[in-house]
Amino acid sequence: MTTEATSDWRDPGLPAAERVRDLMARMTAREKIAQLCGIWVGIDSGGEMAPHQHDFAVAPPGFDDLTPHGIGQLTRVFGTRPIAQEIGAHSLARTQRKIIAGNRFGIPAMVHEECLTGLAAWQATAYPSPLCWGATFEPDLVRRMAFRIGTSMRRLGVHQGLAPVLDVARDLRWGRVEETIGEDPHLVGTIGAAYVAGLESAGVVATLKHFAGYSASRAGRNLAPVSIGPRELADVILPPFEMALRAGARSVMNSYTDIDGVPVAADASLLTDLLRGEYGFTGTVVADYFSVAFLHKLHSVAAGREDAAGQALAAGIDVELPTVDCYGDPLLAGLESGRVDRALVDRALERVLRQKCDLGLLDPGFSPDPGTDLALDDPESRALAREVAERSVVLVHNDGVLPLTDRRRIAVVGPRADDPGAMMGCYSFPLHVGVHHPDVPMGLDVPTVLDALAADHDVTFALGCPVRGGTDEEIHHAVDVARRSEICVAVLGDQAGLFGGGTSGEGCDVADLRLPGRQEELLEALLASGTPVVLVLLSGRPYELSRQIDRLAAVVCGFYPGEDGAAALAGVLSGHINPSGRLPVSFPGAGAGQPSTYLSAPLGARSEVSTVDPTPLFPFGHGLSYAPATWTTVSAVAHEWPTDGTCRLVTTLRNDTETATTEVVQIYLHDPVAEVARPVQQLIGAVKVDLPPGTTRTVTATLHADLTAYTGRAGHRQVDPGEVELRVGRSSADIDTTVRFTLTGPRRRVGFDRTLTPAFDIDC
C-alpha cells in the first residue's frame, strides 16, 4: 500500500503539471515503463479479435508479478468474453483495489474498451454502425448517442473508449468501410467531432482512429501499404482528425499501415511534428493493438522488440496496447544499456500520468467502486438506438411501389431477412466476441426484418441462399414463394465478421463490388418471377446494382442499423416513417471493380480518353422521400467574399404535402481555377431540416473563406482570391442552384486554427 498520502502529487489543489512532476521524480525506471503498457487478461482465450492476435500474443508475467510496479491500462475487461455487467463491474473494482494496494504509489489502471457501435460488452445496447451515423447527417443526434454510451461506460469503471473511426472511405472494397462514417472528410469530421464531444462530455477519453492514412491502403486491402501524396493526406485524410481534436479528444491511436514506406508507428513527422507541433495535441497516443511489435515482425524496420520500442517511443507512441510486450522487459533493457533515451520514457510518462490526474485517478479519494445503476440496454438507450436507425435509413430508389400502406401478401426472401446478426457490424459485441461463445445467448432482443414486417403484413419467408454459398433448390423455392405473393422484399447484403469470418469487417476485404456469394443470382431469379421486388440492403459497403436497378421496384439501404433497426426499416417500407437518410458513400456504377469516390479532380470523371466510366449509380448525399420538400429560392446576401471573412447563403424550403418531411441542404464548393487539381466539388456544409406539413423554413448558412482552403504547391493550406462557386442541392449530383462568388483580398495561409465548419440558422 502507498505511503505517499501526503506527497505533493496527491494534492488535488495543485496544478496537474506540478503533481505529475513530483510523482515522476519518485519513480524507478521499471515503475515508469509499467505505466506505459496495457495488460490483456484473457488474450489467449476465444477467437481472433485483433490482427495476428494469437501470433503476437506474448504471455505477460503473472498479475501478481506486475502489480508491485503498477499497471498502466487494463484492456477490454468487458469486451473479451461475455460477462454480466454487475459481475464485471465488481470484478473490475476488486482488480483495481489489488493494483492500488500492490504498488507503492497506489496508482490505479486506466480501463479501455471498444465502443464503436456502443460499449462492446455483453447485453449492452448495439447502436447503428458509423455509416448509419453518416447517413443521418445529424451531428447532434450522434452526440447524444455518444454521451449515452459514455455514461454507461463510466458507471462501470471504464475510462477510455477506442472510438470514433475517422478514416475517410477511399476504396469501397476495403472491409472496414463499415466502420467509417463515409467518403467525405467534412461529413466524417462533423459527425466524428460530435461523437467525440458526446463521449468526452460523459467523462470518457475519446480515441481517434486510425491516425492516419489507414483507409487509403492499396487495392482496399487491410494493412496494405499506402501510397497517397502529401496533398491527399492533408486535404482528405487529416481534416476529420483536426475537427475531432478541436472537439476535445484526449487520445489518438496510430494507423497500422506505412505511408510511402514509413510505418506510422515509427513516424515522428506524423505523431509528433504534425500532431503535437502543428495541432497542439497534449493527450496520449496509444498503439493500435500489436503495432509496436509489427515494426519488427511485419514491417521489418526494427531489429527486435527493443528496437521497435525505441522507434515507437521516439515517434510519439506513449502507450503500448493491448498488453505488455515491447514496452516491458525489452524497453527496460534498452534503458539500462543506454540504447533508448530515458527522456523518451519520461515524455510519454508525463502524458500518461497527466491524463490519469485529469481523470481523478491520482486523487486520494479515488474509489474504483461502480455506480449503482448498471443497466446497459435500458429503454432510453433502445429508444435512442431506434431514433438513430430511423433517421439513417436511405430510400435509394422507388418506382412508386413504396410505401406499402395497406396490408399485403409479402414474400420476405434472403439471407439477411431472418438473422438478428444482420443488424450489426463487426465491432458490435455479438459479432466481435459473442460469435466465439456460441453457447452463450446474445443477451439482446434484436428483431429481424421478417419479425418487423410480420406485424403489418402477411409474410412468407424463404432463405433463397446463405450470404455465401447455397443451392439451386433454395433459389427455386424462393422464386416459388415470390410468385405466390403481391410483393417480394429481398433482404440481401453482408455478414459482418473479422479476418475472413464475414463478407464485411476488419480483414474482410473484397476483390469487387458484386453482392457476396450467390445473392446476385438470387436477385436475378426473383426479378424474373414477375412479382415486384423491393431490395433491402443490410451491408457494410455499397454494392454494384447497375444490372438490376431498372427492374427493381425499390431499393432501401440500412447499412447496419443496430438492435432496433428492423423496426426502422419496416417503418420506412410501410410508410409509418418518411425516410430522411442520405448516402454517406456513393453506390458504384457499372463495373464492379471501380472503387473511386465522388472526390475526384476533372480527369477522374468520365472522359473520352478512357473506356471506364466511374460515374456512380447513386451519388454521395443521395436519398429520396415520400413527400419531397419544395425548394423555392437559394440566394446570396452579397457576391463578394473577403478572403478573411464570410459569405451568407439563404435557402428557403417549403412542405406542400400533408406529410412531415425532411430535407438535407448540402453545399458543395467548386473552384474553377486553383494551383493544383482539386476535386470538381467537395462538401463544405450540410444541415438537416425538418418540415411539418404546410410549413416553410429559411436556412441561412454563414461560411468562412477558410472553407475554400486547400494545400497548394508550396505544401501549406491557402485561401486564394478569385472566382468560386457554391453549389446548393439535394445531393452531390442533384444541385438546385449554383451561386458564384468572388473572393477578394490577398492570398492567406491558414493552419489548424482555421474555421472548419459553417454556421447554420433555421428560421421557422
# chains A, B, ... in the order shown; residues from 1 in each chain; ligands from 1

call {"tool": "residues_around", "arguments": {"residues": "stretch 95-100 of chain A", "least_positions_apart": "3", "cutoff": "10 Å", "atoms": "only C-alpha atoms", "output": "list in words"}}
result
Met1, Thr2, Phe63, Asp64, Leu66, Thr67, Pro68, His69, Gly70, Ile71, Gly72, Leu74, Ala89, His90, Ser91, Leu92, Asn103, Arg104, Phe105, Gly106, Ile107, Pro108, Ala109, Met110, Val111, Gly157, Ser367, Pro368 and Asp369 of chain A

call {"tool": "residues_around", "arguments": {"residues": "A:Pro628", "least_positions_apart": "5", "cutoff": "10 Å", "atoms": "only C-alpha atoms", "output": "list in words"}}
result
Asn578, Ser580, Arg654, Asn655, Asp656, Thr657, Thr659, Ala660, Thr661, Thr662 and Glu663 of chain A

call {"tool": "closest_residue", "arguments": {"among": "A:Gly175, A:Gly565, A:Pro15, A:Gly118", "to": "A:Arg148", "atoms": "only C-alpha atoms"}}
result
A:Gly118

call {"tool": "select_by_dssp", "arguments": {"residues": "stretch 106-307 of chain A", "states": "alpha helix (DSSP H)", "output": "ChimeraX atom specification"}}
result
/A:130-136,139-156,185-201,230-232,239-246,268,291-297,305-307

call {"tool": "residues_around", "arguments": {"residues": "A:Gly722", "least_positions_apart": "6", "cutoff": "7 Å", "atoms": "only C-alpha atoms", "output": "count of residues only"}}
result
3

call {"tool": "closest_residue", "arguments": {"among": "A:Ala93, A:Ala216, A:Cys557, A:Val491", "to": "A:Asp419", "atoms": "only C-alpha atoms"}}
result
A:Val491

call {"tool": "closest_atom_pairs", "arguments": {"of": "stretch 115-166 of chain A", "to": "stretch 351-362 of chain A", "cutoff": "12 Å", "atoms": "only C-alpha atoms", "output": "JSON lines"}}
result
{"residue": "A:Arg154", "atom": "CA", "partner": "A:Leu359", "partner_atom": "CA", "distance": 10.8}
{"residue": "A:Gly157", "atom": "CA", "partner": "A:Leu361", "partner_atom": "CA", "distance": 11.2}
{"residue": "A:Val158", "atom": "CA", "partner": "A:Leu359", "partner_atom": "CA", "distance": 10.9}
{"residue": "A:His159", "atom": "CA", "partner": "A:Leu359", "partner_atom": "CA", "distance": 7.8}
{"residue": "A:Gln160", "atom": "CA", "partner": "A:Leu359", "partner_atom": "CA", "distance": 10.1}

call {"tool": "select_by_dssp", "arguments": {"residues": "stretch 527-707 of chain A", "states": "strand (DSSP E or B)", "output": "number ranges by chain"}}
result
A: 533-538, 554-557, 587, 618, 624, 630-636, 640-642, 646-654, 661-670, 682-691, 696-704

call {"tool": "write_last_selection", "arguments": {"atoms": "C-alpha atoms", "output": "CSV table (one decimal), in the first residue's frame"}}
result
chain,number,residue,atom,x,y,z
A,533,VAL,CA,-39.1,-6.8,-55.9
A,534,VAL,CA,-38.1,-4.4,-53.2
A,535,LEU,CA,-34.4,-4.7,-52.3
A,536,VAL,CA,-33.4,-4.1,-48.7
A,537,LEU,CA,-29.6,-3.9,-48.3
A,538,LEU,CA,-28.1,-4.6,-44.9
A,554,ALA,CA,-37.4,0.0,-54.9
A,555,VAL,CA,-34.1,-0.1,-53.0
A,556,VAL,CA,-33.8,0.7,-49.3
A,557,CYS,CA,-30.4,0.8,-47.6
A,587,PHE,CA,-23.1,3.4,-55.0
A,618,PHE,CA,-26.3,6.7,-56.8
A,624,LEU,CA,-35.4,10.0,-51.6
A,630,THR,CA,-40.1,22.1,-52.4
A,631,TRP,CA,-37.0,24.3,-53.0
A,632,THR,CA,-38.2,27.8,-53.5
A,633,THR,CA,-35.1,30.0,-53.5
A,634,VAL,CA,-31.4,29.9,-53.0
A,635,SER,CA,-29.6,33.3,-52.9
A,636,ALA,CA,-26.6,35.1,-51.7
A,640,GLU,CA,-18.1,39.5,-52.8
A,641,TRP,CA,-16.5,37.2,-50.3
A,642,PRO,CA,-13.4,38.5,-48.4
A,646,THR,CA,-17.7,35.2,-44.5
A,647,CYS,CA,-20.4,35.0,-47.1
A,648,ARG,CA,-24.1,34.1,-46.5
A,649,LEU,CA,-26.4,31.8,-48.4
A,650,VAL,CA,-30.1,31.8,-47.8
A,651,THR,CA,-32.2,28.7,-48.8
A,652,THR,CA,-36.0,28.6,-48.5
A,653,LEU,CA,-37.8,25.2,-48.3
A,654,ARG,CA,-41.5,24.5,-48.3
A,661,THR,CA,-40.8,15.7,-44.3
A,662,THR,CA,-37.1,16.3,-44.0
A,663,GLU,CA,-34.5,17.8,-46.4
A,664,VAL,CA,-30.7,17.9,-46.2
A,665,VAL,CA,-29.4,21.1,-47.6
A,666,GLN,CA,-26.0,20.3,-49.0
A,667,ILE,CA,-23.4,23.0,-50.0
A,668,TYR,CA,-20.5,22.0,-52.3
A,669,LEU,CA,-17.5,24.1,-53.3
A,670,HIS,CA,-16.3,24.2,-56.9
A,682,GLN,CA,-16.5,19.0,-52.3
A,683,LEU,CA,-18.9,19.2,-49.4
A,684,ILE,CA,-18.3,22.2,-47.1
A,685,GLY,CA,-21.6,22.3,-45.3
A,686,ALA,CA,-24.8,20.4,-44.7
A,687,VAL,CA,-27.8,20.7,-42.4
A,688,LYS,CA,-30.9,18.6,-41.9
A,689,VAL,CA,-34.1,20.5,-41.9
A,690,ASP,CA,-37.5,19.1,-40.6
A,691,LEU,CA,-40.6,20.5,-42.2
A,696,THR,CA,-41.7,26.9,-44.7
A,697,ARG,CA,-38.2,27.0,-43.4
A,698,THR,CA,-35.5,29.5,-44.2
A,699,VAL,CA,-31.9,28.3,-43.8
A,700,THR,CA,-29.1,30.8,-43.6
A,701,ALA,CA,-25.6,29.4,-43.9
A,702,THR,CA,-22.7,31.6,-42.9
A,703,LEU,CA,-19.5,30.3,-44.5
A,704,HIS,CA,-16.0,31.5,-43.7

call {"tool": "residues_around", "arguments": {"residues": "A:Gly79", "least_positions_apart": "4", "cutoff": "12 Å", "atoms": "only C-alpha atoms", "output": "PyMOL selection string"}}
result
chain A and resi 40-43+46+49+74-75+83-85+88+111-115+118-124+153+158+161-162+427-434

call {"tool": "atom_distance", "arguments": {"atom1": "atom CA of A:Ser586", "atom2": "atom CA of A:Leu395"}}
result
13.6 Å

call {"tool": "closest_residue", "arguments": {"among": "A:Asp753, A:Glu178, A:Asp458, A:Glu544", "to": "A:Ala411", "atoms": "only C-alpha atoms"}}
result
A:Asp458

call {"tool": "closest_residue", "arguments": {"among": "A:Gln311, A:Ser129, A:Thr531, A:Thr28", "to": "A:Ala496", "atoms": "only C-alpha atoms"}}
result
A:Ser129

call {"tool": "residues_around", "arguments": {"residues": "stretch 471-479 of chain A", "least_positions_apart": "2", "cutoff": "7 Å", "atoms": "only C-alpha atoms", "output": "list in words"}}
result
Val413, Ala462, Leu463, Gly464, Cys465, Val481, Ala482, Arg483, Leu522, Ala525, Leu526 and Ser529 of chain A

call {"tool": "residues_around", "arguments": {"residues": "A:Arg754", "least_positions_apart": "3", "cutoff": "9 Å", "atoms": "only C-alpha atoms", "output": "list in words"}}
result
Asp706, Leu707, Val750 and Gly751 of chain A

call {"tool": "residues_around", "arguments": {"residues": "A:Ser152", "least_positions_apart": "6", "cutoff": "10 Å", "atoms": "only C-alpha atoms", "output": "list in words"}}
result
Gly118, Leu119, Ala124, Thr125, Val158, Ala202, Val204, Gly371, Asp373, Leu374, Ala375, Leu376, Asp377 and Ser381 of chain A
